[in-house]
Every structure is written in structure tokens, then in C-alpha cells.
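Just below is one structure, and these are the notes that go with it.
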There are 2 protein chains.
Amino acid sequence: MSDTPTTRAERRRATEARILASARTLFAERGFDRTTVRAVAAAAEVDPALVMQYFGSKRDLFTRAVQAAPIPAGADGSEAAGPDAVVEQLLTTMGLKLGGLPDGAVALLRSMLTDPAAADHARGTIAKQIAGIAAALGPGPDAELRAAVMIMAMIGVTVGHQLLEVDTLRDASPDRIAAALRPAFRALAGTTDG
Amino acid sequence: MSDTPTTRAERRRATEARILASARTLFAERGFDRTTVRAVAAAAEVDPALVMQYFGSKRDLFTRAVQAAPIPAGADGSEAAGPDAVVEQLLTTMGLKLGGLPDGAVALLRSMLTDPAAADHARGTIAKQIAGIAAALGPGPDAELRAAVMIMAMIGVTVGHQLLEVDTLRDASPDRIAAALRPAFRALAGTTDG
DNA sequence: GCATTCACTCAACAAGTGTTGAGCGAATCG
DNA sequence: CGATTCGCTCAACACTTGTTGAGTGAATGC
């Protein structure tokens, strides 16, 4: 019944994908340091040596697992929005609404405080987000600072919700959290006065 | 001039304190996993075995380094304050205003996403803070949720400012950050409408 | 059908980890 | 002064880690 005549190249790609998926999951659960190449290999039902052969090093594996799924900015070319739209976009971001964050993003968040390379990656991604938000906020004073505060507040809440699993946030639905956050973000966006 | 006739017990206490200080610094800089007992010993100019002898294990050393300096809540018995006071108290918290966070608190923050024990400790401390803020906010709806959002937003901004060192926040003075954050917190505290 | 490619495994190394027990030497006490 | 306490170090253990090179066996190409 499972006689699918998979070709060699197909099996190879499948194995590589399986390793990458296991890596993403484990990096997301335990972070970079506490995830061992052997554990990834075991989860993918593969020899540790194969992981090295396919990805070069643990570092490279982490980079691959984290790239192409950074902290999602929302969409692609949605820059020319007003402060109000920015707030709504942010609130639907970071997996706060639909489902959770992808494993790659969680892995990056989880390791960013202890792994310098992850920190660099996260810093760069965050800087880009700040620039985007600041631009959308308009030329108001301290636009960039307010954008930075919004992003980091968002990340803080997300961390408490999905990574640290603080009871109060863990038990709250993303919609309720977003609702609680909305007035704060509107104030930061300067949507009423300013 | 340094002929202070230190007694044996004094020297012993001084050594222990030196080890603890080195531990705090290194745990704050690199987190639990990346900090080695040997590195702590070297920084304290002491043999690694002595660290074990004095503190039992690396875990216990970390616990000691982190306890008695958790995420500072502000003060002790300042519970019966109104929403406005709560906001001001929070803004002066977390080292956002005067100087930075103590090393112990930074160590806890840095390790909380990767070390389960640190996560437990942080979760507990945060839960207490949430309860305190929620009580001070009064019996409004979602008081606890809003309190949790405030705390985690605060932590997020602090992380971006002091641990991740995001450019925009790193370059901003604590006062400016607090000023940017104030309207958002007032909105969360429900200080205008009820 | 045969040689070759290649996905994959085995066994091992070298480095670094937390941790331990024996021991040294100076301060302490009678 | 002699015995003893005790702060402290040395050397080593058992283990885990990332990483490697040789090897195996089945799918592939001619």
C-alpha cells in the first residue's frame, strides 16, 4: 500500500527536510545550546554524522532552521499605511492571533538572549521592523523610539504568552490579549493626538 | 597601607563574596549554560573546586546569584496605590530610570528562555508582580490580564534596552523611554476611562 | 549485468564539562 | 611550641559535546 516508488533524490530531499523540521522543533523548545546534534538526529531517525554532512555544522543548521521564518513582519509591501493600520497589523503579527509563531521564529526568540549569533540575527530583524513601523507612523517626534517600544512590548508579551507561558497570558486567548493591547498601541502610535 | 590584619573567617567570607560577584557578572553576561564553573573561578582568582565546595553545584551557585535580587518590584508595601501611581512606579522599575538592573536580575532575565529552572523562578516572580499590579489597578475588568500585559511589555522593552541592545533603545536615555512608554501604560491602567 | 554513484551508518577522536577526593600549607588554639 | 583546624589547590574522573573519515549497501546509469 505504501509502494510509492520514491526516487533517490526524493528520499534525500525528504530526509534533509525531516532533519530540518526536527531541528526547528528542538531549537524552538530548548534553544541553541541545549539542543544537541544527536538529539536532532534521533528525532529525525538518522545518524548524527548525516546532520553534519548535510548542514555542515550545528551553527549552519541553526541558521537554516531560523532563516526564511524570522519574526514575521506581517506582509510584504504594506508600508504606506497610517498609524491606525500599523497598530492593527502589529496586533495580528507575532502569531498573537492565528495559531502560534512558526518554530523557526520561536527558536530565534528563545536563543536570542544567550546565543550571540541568534542575538545578531534577532537584532537585525527587529531593527528592520522598527524602521518599517517608524516610517508608517509618520514624521512625528520620537517616531523611531515609539516604534521600538511597540516592537519590544509586542515581543515581551509574546514571550510571556508563548515561551515563558506566564499563567495569566497562557490562559488568555490571543484575541483578548490583542484587545487589551490595542489602547496601549494606539497611544504609542499617536493616533489620537500628536 | 594594605596591612589590614584580616582574620581567617573574614578572608573566607570575602572569597565567597568574590566568587558570588563573579558568578553574577558572568551569568548576567552569558547566561547559565554558557557560563562555566571554571570561568567563574578564574574571574574570582580561585580554584574551580573551591566554587563547588562553597556552593555545592553550579545550579546552587546560580540560584544564590539570582536570589535576593529578582526583578525589583519597586518597593515593599506599596500596594494601596491608584492606577496612576502604579504606572509611575512601573516606569521607575526595572532599572529603566536609575542605572541598570542589578546583575542578578539580568542573569535571571538572560537565562529564563533557555534554562527551565530560571524560567520557573522568573515565572514565579512575574506572577507575583502581576498580582500586585492587578490589585493596585482595582476591580476593573481584565485587571489581571492588563497587569500581565504591562509587566511583559516592560520586560520586553528592558530586554531590548539592556540585553539585546537594540540600537534605537540603546541610544535612548531611560527617561525618554519612560516618557514614550507612559501614555501606553496609562491606557493599559485605564486611568482615563473606567 | 556491471561499475559507479551516493545516501547513509559506524566507530572514534579531541575538547570541554561538572564534579570529586586527596593533600598542602598557613593561620589558629591550647 | 606543637597539634589541629581549615581555606584552598592539584590532579583526575566520568561524561557529553561537535565533528570526522572510513566504510556499506542499495539505487542508478550504461
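Chain labels run A, B, ... following the order of the C-alpha cells; each chain numbers its residues from 1, and ligands are numbered from 1 in the order shown.
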
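If we count only C-alpha atoms (C1' of nucleotides), these residues of chain D sit within 9 Å of chain A: DT17, DG18, DT19, DT20, DA27 and DT28 of chain D.
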
Practice prompt. For chain C, report every residue with an atom at most 8 Å from chain A (counting only C-alpha atoms (C1' of nucleotides)), formatted as number ranges by chain.
Written response: C: 7-9

Dump N, CA and C atoms (P, O5', C5', C4', C3', O3' and C1' of nucleotides) for the selected residues as a compact mmCIF listing (two decimals), in the first residue's frame?
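Written output follows (selection_35.txt):
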```txt
# COMPACT_ATOMS: atom_id res chain seq x y z
P DA C 7 22.93 11.68 -2.38
O5' DA C 7 21.94 11.19 -1.23
C5' DA C 7 20.93 10.25 -1.54
C4' DA C 7 20.83 9.20 -0.45
C3' DA C 7 20.72 9.77 0.97
O3' DA C 7 19.71 9.04 1.66
C1' DA C 7 22.55 8.25 0.84
P DC C 8 19.27 9.55 3.15
O5' DC C 8 20.23 8.70 4.08
C5' DC C 8 20.24 7.27 3.94
C4' DC C 8 21.42 6.69 4.70
C3' DC C 8 21.63 7.23 6.11
O3' DC C 8 21.10 6.30 7.04
C1' DC C 8 23.67 6.76 4.97
P DT C 9 21.28 6.56 8.64
O5' DT C 9 22.54 5.64 8.97
C5' DT C 9 22.51 4.26 8.60
C4' DT C 9 23.81 3.58 9.01
C3' DT C 9 24.16 3.67 10.50
O3' DT C 9 24.58 2.39 10.95
C1' DT C 9 25.98 4.47 9.20
```

Practice prompt. Would you kindly report the residues of chain A within 8 Å of chain B, using only C-alpha atoms, as a ChimeraX atom specification?
Written response: /A:30-31,33-34,110-114,119,123,126-127,144-146,148-149,152-157,159-160,163-169,172,177,180-181,183-188

Run DSSP on the backbone and tell me which residues of chain B come out as helix (DSSP H, G or I); list them as a short mmCIF file (atom, residue, chain, number, x, y, z; two decimals) with N, CA and C atoms, in the first residue's frame.
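Printed below is states-v1.cif as written:
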```
data_model
loop_
_atom_site.label_atom_id
_atom_site.label_comp_id
_atom_site.auth_asym_id
_atom_site.auth_seq_id
_atom_site.Cartn_x
_atom_site.Cartn_y
_atom_site.Cartn_z
N ARG B 8 40.99 34.94 59.51
CA ARG B 8 40.72 33.85 58.57
C ARG B 8 39.25 33.84 58.10
N ALA B 9 38.35 34.00 59.05
CA ALA B 9 36.92 34.00 58.72
C ALA B 9 36.57 35.13 57.76
N GLU B 10 37.25 36.27 57.97
CA GLU B 10 36.98 37.41 57.09
C GLU B 10 37.41 37.11 55.66
N ARG B 11 38.60 36.56 55.55
CA ARG B 11 39.09 36.24 54.22
C ARG B 11 38.18 35.23 53.54
N ARG B 12 37.73 34.27 54.34
CA ARG B 12 36.83 33.25 53.78
C ARG B 12 35.56 33.88 53.23
N ARG B 13 34.96 34.76 54.04
CA ARG B 13 33.74 35.42 53.60
C ARG B 13 33.98 36.28 52.36
N ALA B 14 35.13 36.94 52.37
CA ALA B 14 35.49 37.79 51.22
C ALA B 14 35.63 36.95 49.95
N THR B 15 36.27 35.81 50.07
CA THR B 15 36.44 34.93 48.91
C THR B 15 35.10 34.47 48.38
N GLU B 16 34.25 34.05 49.30
CA GLU B 16 32.92 33.59 48.89
C GLU B 16 32.17 34.71 48.17
N ALA B 17 32.28 35.91 48.72
CA ALA B 17 31.59 37.04 48.11
C ALA B 17 32.16 37.33 46.72
N ARG B 18 33.49 37.18 46.60
CA ARG B 18 34.13 37.43 45.31
C ARG B 18 33.64 36.44 44.27
N ILE B 19 33.55 35.19 44.67
CA ILE B 19 33.03 34.16 43.76
C ILE B 19 31.61 34.49 43.33
N LEU B 20 30.79 34.85 44.31
CA LEU B 20 29.39 35.16 44.02
C LEU B 20 29.28 36.35 43.07
N ALA B 21 30.12 37.34 43.28
CA ALA B 21 30.09 38.51 42.41
C ALA B 21 30.49 38.15 40.98
N SER B 22 31.55 37.37 40.86
CA SER B 22 31.99 36.93 39.54
C SER B 22 30.90 36.12 38.86
N ALA B 23 30.27 35.27 39.64
CA ALA B 23 29.19 34.44 39.10
C ALA B 23 28.06 35.31 38.56
N ARG B 24 27.67 36.28 39.37
CA ARG B 24 26.59 37.17 38.95
C ARG B 24 26.92 37.87 37.65
N THR B 25 28.12 38.40 37.58
CA THR B 25 28.54 39.10 36.37
C THR B 25 28.50 38.19 35.15
N LEU B 26 29.11 37.02 35.29
CA LEU B 26 29.19 36.12 34.14
C LEU B 26 27.83 35.56 33.75
N PHE B 27 27.04 35.18 34.74
CA PHE B 27 25.69 34.70 34.44
C PHE B 27 24.89 35.80 33.74
N ALA B 28 25.10 37.03 34.15
CA ALA B 28 24.38 38.14 33.53
C ALA B 28 24.84 38.36 32.09
N GLU B 29 26.13 38.13 31.85
CA GLU B 29 26.67 38.40 30.51
C GLU B 29 26.38 37.27 29.54
N ARG B 30 26.49 36.03 30.03
CA ARG B 30 26.43 34.91 29.10
C ARG B 30 25.28 33.94 29.35
N GLY B 31 24.61 34.09 30.46
CA GLY B 31 23.55 33.14 30.79
C GLY B 31 24.09 31.90 31.47
N PHE B 32 23.19 31.05 31.90
CA PHE B 32 23.58 29.88 32.69
C PHE B 32 24.45 28.90 31.91
N ASP B 33 23.98 28.48 30.77
CA ASP B 33 24.67 27.42 30.03
C ASP B 33 26.06 27.80 29.58
N ARG B 34 26.20 29.01 29.11
CA ARG B 34 27.48 29.44 28.55
C ARG B 34 28.46 29.89 29.62
N VAL B 37 31.86 26.89 35.32
CA VAL B 37 32.37 26.99 36.67
C VAL B 37 33.83 27.43 36.65
N ARG B 38 34.56 26.93 35.69
CA ARG B 38 35.97 27.32 35.56
C ARG B 38 36.12 28.82 35.29
N ALA B 39 35.24 29.35 34.46
CA ALA B 39 35.31 30.78 34.15
C ALA B 39 35.01 31.62 35.40
N VAL B 40 34.01 31.21 36.15
CA VAL B 40 33.69 31.92 37.39
C VAL B 40 34.88 31.87 38.33
N ALA B 41 35.46 30.69 38.46
CA ALA B 41 36.61 30.51 39.35
C ALA B 41 37.77 31.39 38.89
N ALA B 42 38.02 31.41 37.60
CA ALA B 42 39.11 32.21 37.07
C ALA B 42 38.87 33.69 37.35
N ALA B 43 37.66 34.15 37.14
CA ALA B 43 37.34 35.56 37.37
C ALA B 43 37.50 35.92 38.85
N PRO B 48 38.55 26.08 40.66
CA PRO B 48 37.18 25.64 40.40
C PRO B 48 36.61 24.78 41.52
N ALA B 49 37.46 23.96 42.10
CA ALA B 49 36.97 23.06 43.16
C ALA B 49 36.41 23.86 44.34
N LEU B 50 36.97 25.03 44.55
CA LEU B 50 36.51 25.83 45.69
C LEU B 50 35.08 26.31 45.48
N VAL B 51 34.76 26.60 44.25
CA VAL B 51 33.40 27.03 43.93
C VAL B 51 32.41 25.94 44.32
N MET B 52 32.75 24.73 43.96
CA MET B 52 31.88 23.60 44.32
C MET B 52 31.79 23.44 45.82
N GLN B 53 32.94 23.56 46.47
CA GLN B 53 32.99 23.36 47.92
C GLN B 53 32.12 24.39 48.64
N TYR B 54 32.10 25.61 48.12
CA TYR B 54 31.35 26.66 48.79
C TYR B 54 29.87 26.66 48.42
N PHE B 55 29.57 26.31 47.19
CA PHE B 55 28.18 26.47 46.73
C PHE B 55 27.49 25.16 46.36
N LYS B 58 26.82 23.98 40.40
CA LYS B 58 26.65 25.14 39.53
C LYS B 58 25.22 25.67 39.65
N ARG B 59 24.28 24.74 39.72
CA ARG B 59 22.88 25.14 39.90
C ARG B 59 22.68 25.99 41.14
N ASP B 60 23.21 25.49 42.26
CA ASP B 60 23.05 26.21 43.52
C ASP B 60 23.72 27.58 43.45
N LEU B 61 24.86 27.61 42.79
CA LEU B 61 25.54 28.90 42.62
C LEU B 61 24.66 29.87 41.86
N PHE B 62 24.05 29.38 40.80
CA PHE B 62 23.16 30.24 40.02
C PHE B 62 21.98 30.72 40.86
N THR B 63 21.41 29.80 41.60
CA THR B 63 20.28 30.16 42.47
C THR B 63 20.68 31.25 43.45
N ARG B 64 21.82 31.07 44.08
CA ARG B 64 22.31 32.08 45.01
C ARG B 64 22.58 33.41 44.31
N ALA B 65 23.12 33.34 43.11
CA ALA B 65 23.46 34.56 42.38
C ALA B 65 22.21 35.33 41.99
N VAL B 66 21.13 34.61 41.82
CA VAL B 66 19.91 35.22 41.30
C VAL B 66 18.94 35.62 42.41
N PRO B 83 -4.21 53.62 40.08
CA PRO B 83 -3.66 53.31 38.76
C PRO B 83 -2.54 54.25 38.35
N ASP B 84 -2.73 55.54 38.59
CA ASP B 84 -1.69 56.50 38.21
C ASP B 84 -0.37 56.20 38.89
N ALA B 85 -0.45 55.96 40.21
CA ALA B 85 0.77 55.67 40.96
C ALA B 85 1.43 54.39 40.48
N VAL B 86 0.60 53.42 40.12
CA VAL B 86 1.13 52.15 39.63
C VAL B 86 1.96 52.38 38.37
N VAL B 87 1.43 53.18 37.49
CA VAL B 87 2.15 53.47 36.25
C VAL B 87 3.50 54.10 36.55
N GLU B 88 3.49 55.11 37.41
CA GLU B 88 4.75 55.79 37.72
C GLU B 88 5.74 54.84 38.37
N GLN B 89 5.21 53.97 39.24
CA GLN B 89 6.09 53.02 39.90
C GLN B 89 6.71 52.07 38.89
N LEU B 90 5.89 51.58 37.97
CA LEU B 90 6.40 50.65 36.96
C LEU B 90 7.46 51.31 36.09
N LEU B 91 7.25 52.57 35.79
CA LEU B 91 8.19 53.26 34.89
C LEU B 91 9.56 53.47 35.54
N THR B 92 9.56 53.51 36.87
CA THR B 92 10.85 53.67 37.53
C THR B 92 11.47 52.30 37.86
N ASP B 103 23.00 42.83 38.48
CA ASP B 103 23.46 41.66 37.72
C ASP B 103 22.58 40.43 37.95
N GLY B 104 22.14 40.26 39.19
CA GLY B 104 21.32 39.09 39.48
C GLY B 104 20.05 39.06 38.64
N ALA B 105 19.41 40.21 38.53
CA ALA B 105 18.19 40.28 37.74
C ALA B 105 18.47 40.05 36.26
N VAL B 106 19.55 40.63 35.78
CA VAL B 106 19.92 40.43 34.38
C VAL B 106 20.21 38.96 34.12
N ALA B 107 20.90 38.32 35.06
CA ALA B 107 21.20 36.90 34.90
C ALA B 107 19.91 36.09 34.77
N LEU B 108 18.95 36.43 35.60
CA LEU B 108 17.67 35.72 35.55
C LEU B 108 16.97 35.95 34.22
N LEU B 109 16.92 37.20 33.79
CA LEU B 109 16.28 37.53 32.52
C LEU B 109 16.96 36.80 31.36
N ARG B 110 18.28 36.79 31.40
CA ARG B 110 19.03 36.24 30.28
C ARG B 110 18.84 34.74 30.15
N SER B 111 18.67 34.07 31.27
CA SER B 111 18.59 32.61 31.22
C SER B 111 17.17 32.09 31.17
N PRO B 116 15.21 25.91 32.22
CA PRO B 116 13.90 25.66 32.84
C PRO B 116 13.83 26.14 34.29
N ALA B 117 14.90 25.95 35.04
CA ALA B 117 14.89 26.39 36.44
C ALA B 117 14.77 27.91 36.51
N ALA B 118 15.53 28.60 35.69
CA ALA B 118 15.45 30.05 35.64
C ALA B 118 14.06 30.48 35.17
N ALA B 119 13.50 29.73 34.24
CA ALA B 119 12.15 30.03 33.77
C ALA B 119 11.15 29.94 34.91
N ASP B 120 11.26 28.89 35.71
CA ASP B 120 10.36 28.74 36.86
C ASP B 120 10.48 29.93 37.80
N HIS B 121 11.72 30.23 38.13
CA HIS B 121 11.97 31.35 39.04
C HIS B 121 11.36 32.63 38.47
N ALA B 122 11.63 32.90 37.21
CA ALA B 122 11.13 34.13 36.59
C ALA B 122 9.61 34.13 36.54
N ARG B 123 9.04 32.99 36.18
CA ARG B 123 7.58 32.88 36.12
C ARG B 123 6.97 33.22 37.46
N GLY B 124 7.55 32.66 38.52
CA GLY B 124 7.03 32.93 39.86
C GLY B 124 7.10 34.41 40.22
N THR B 125 8.26 34.99 39.98
CA THR B 125 8.44 36.41 40.29
C THR B 125 7.46 37.27 39.49
N ILE B 126 7.34 36.95 38.23
CA ILE B 126 6.45 37.72 37.36
C ILE B 126 5.00 37.57 37.81
N ALA B 127 4.62 36.36 38.20
CA ALA B 127 3.24 36.13 38.66
C ALA B 127 2.94 37.00 39.87
N LYS B 128 3.92 37.09 40.77
CA LYS B 128 3.71 37.93 41.96
C LYS B 128 3.52 39.38 41.56
N GLN B 129 4.35 39.84 40.64
CA GLN B 129 4.25 41.22 40.19
C GLN B 129 2.89 41.48 39.55
N ILE B 130 2.46 40.54 38.73
CA ILE B 130 1.16 40.70 38.07
C ILE B 130 0.06 40.83 39.12
N ALA B 131 0.11 39.96 40.12
CA ALA B 131 -0.92 40.01 41.16
C ALA B 131 -0.91 41.36 41.85
N GLY B 132 0.30 41.85 42.16
CA GLY B 132 0.40 43.15 42.83
C GLY B 132 -0.17 44.28 41.99
N ILE B 133 0.23 44.32 40.73
CA ILE B 133 -0.26 45.37 39.84
C ILE B 133 -1.77 45.27 39.67
N ALA B 134 -2.24 44.05 39.47
CA ALA B 134 -3.67 43.86 39.27
C ALA B 134 -4.46 44.36 40.47
N ALA B 135 -3.97 44.06 41.65
CA ALA B 135 -4.66 44.52 42.85
C ALA B 135 -4.68 46.04 42.90
N ALA B 136 -3.56 46.65 42.54
CA ALA B 136 -3.49 48.11 42.59
C ALA B 136 -4.34 48.76 41.51
N LEU B 137 -4.57 48.04 40.43
CA LEU B 137 -5.38 48.59 39.34
C LEU B 137 -6.85 48.69 39.73
N ALA B 143 -8.42 43.14 34.82
CA ALA B 143 -7.34 43.81 35.52
C ALA B 143 -6.07 42.97 35.49
N GLU B 144 -6.25 41.68 35.73
CA GLU B 144 -5.06 40.81 35.77
C GLU B 144 -4.41 40.71 34.40
N LEU B 145 -5.24 40.58 33.38
CA LEU B 145 -4.69 40.50 32.03
C LEU B 145 -3.93 41.77 31.68
N ARG B 146 -4.56 42.91 31.99
CA ARG B 146 -3.88 44.16 31.68
C ARG B 146 -2.59 44.29 32.47
N ALA B 147 -2.60 43.83 33.70
CA ALA B 147 -1.38 43.87 34.50
C ALA B 147 -0.29 43.01 33.87
N ALA B 148 -0.69 41.82 33.42
CA ALA B 148 0.28 40.92 32.79
C ALA B 148 0.87 41.55 31.54
N VAL B 149 0.02 42.18 30.77
CA VAL B 149 0.50 42.84 29.55
C VAL B 149 1.48 43.95 29.90
N MET B 150 1.16 44.71 30.94
CA MET B 150 2.07 45.79 31.35
C MET B 150 3.43 45.23 31.73
N ILE B 151 3.43 44.21 32.58
CA ILE B 151 4.69 43.64 33.04
C ILE B 151 5.51 43.09 31.88
N MET B 152 4.88 42.32 31.02
CA MET B 152 5.65 41.72 29.94
C MET B 152 6.11 42.76 28.92
N ALA B 153 5.31 43.78 28.71
CA ALA B 153 5.74 44.86 27.83
C ALA B 153 6.97 45.55 28.42
N MET B 154 6.90 45.78 29.71
CA MET B 154 8.03 46.37 30.44
C MET B 154 9.28 45.52 30.27
N ILE B 155 9.11 44.23 30.49
CA ILE B 155 10.25 43.32 30.36
C ILE B 155 10.78 43.32 28.93
N GLY B 156 9.87 43.31 27.97
CA GLY B 156 10.30 43.34 26.58
C GLY B 156 11.15 44.56 26.27
N VAL B 157 10.67 45.72 26.70
CA VAL B 157 11.43 46.95 26.44
C VAL B 157 12.77 46.91 27.17
N THR B 158 12.76 46.41 28.39
CA THR B 158 14.00 46.32 29.15
C THR B 158 15.00 45.38 28.47
N VAL B 159 14.48 44.26 28.00
CA VAL B 159 15.34 43.31 27.28
C VAL B 159 15.95 43.98 26.06
N GLY B 160 15.13 44.66 25.28
CA GLY B 160 15.63 45.34 24.10
C GLY B 160 16.65 46.40 24.45
N HIS B 161 16.44 47.02 25.59
CA HIS B 161 17.30 48.13 26.00
C HIS B 161 18.63 47.65 26.57
N GLN B 162 18.57 46.69 27.47
CA GLN B 162 19.76 46.32 28.23
C GLN B 162 20.39 44.99 27.83
N LEU B 163 19.60 44.06 27.33
CA LEU B 163 20.17 42.75 27.00
C LEU B 163 20.45 42.61 25.51
N ASP B 167 19.58 49.05 18.77
CA ASP B 167 20.17 50.38 18.59
C ASP B 167 19.29 51.51 19.10
N THR B 168 18.07 51.55 18.59
CA THR B 168 17.18 52.66 18.91
C THR B 168 17.00 52.82 20.43
N LEU B 169 16.88 51.70 21.12
CA LEU B 169 16.67 51.77 22.56
C LEU B 169 17.98 52.00 23.31
N ARG B 170 19.02 51.40 22.79
CA ARG B 170 20.32 51.54 23.42
C ARG B 170 20.76 53.01 23.43
N PRO B 174 17.00 56.39 29.50
CA PRO B 174 15.89 55.77 30.23
C PRO B 174 14.72 56.73 30.39
N ASP B 175 15.02 58.01 30.59
CA ASP B 175 13.94 58.98 30.75
C ASP B 175 13.08 59.09 29.50
N ARG B 176 13.74 59.13 28.36
CA ARG B 176 12.97 59.24 27.12
C ARG B 176 12.13 57.99 26.88
N ILE B 177 12.73 56.84 27.19
CA ILE B 177 11.96 55.59 27.03
C ILE B 177 10.75 55.61 27.94
N ALA B 178 10.98 56.02 29.19
CA ALA B 178 9.87 56.06 30.14
C ALA B 178 8.78 57.03 29.66
N ALA B 179 9.22 58.15 29.10
CA ALA B 179 8.25 59.13 28.61
C ALA B 179 7.43 58.56 27.45
N ALA B 180 8.10 57.82 26.58
CA ALA B 180 7.39 57.22 25.44
C ALA B 180 6.42 56.15 25.91
N LEU B 181 6.82 55.48 26.98
CA LEU B 181 6.02 54.37 27.48
C LEU B 181 4.81 54.83 28.30
N ARG B 182 4.91 56.03 28.87
CA ARG B 182 3.89 56.47 29.83
C ARG B 182 2.46 56.45 29.27
N PRO B 183 2.21 57.07 28.11
CA PRO B 183 0.83 57.07 27.61
C PRO B 183 0.30 55.65 27.41
N ALA B 184 1.17 54.77 26.96
CA ALA B 184 0.74 53.39 26.74
C ALA B 184 0.33 52.73 28.04
N PHE B 185 1.12 52.95 29.07
CA PHE B 185 0.79 52.36 30.36
C PHE B 185 -0.45 52.97 30.98
N ARG B 186 -0.62 54.26 30.77
CA ARG B 186 -1.83 54.91 31.29
C ARG B 186 -3.06 54.31 30.61
N ALA B 187 -2.93 54.06 29.33
CA ALA B 187 -4.05 53.45 28.63
C ALA B 187 -4.33 52.05 29.18
N LEU B 188 -3.27 51.33 29.46
CA LEU B 188 -3.44 49.98 30.00
C LEU B 188 -4.00 50.01 31.41
N ALA B 189 -3.61 51.03 32.17
CA ALA B 189 -4.07 51.11 33.54
C ALA B 189 -5.52 51.58 33.61
#
```
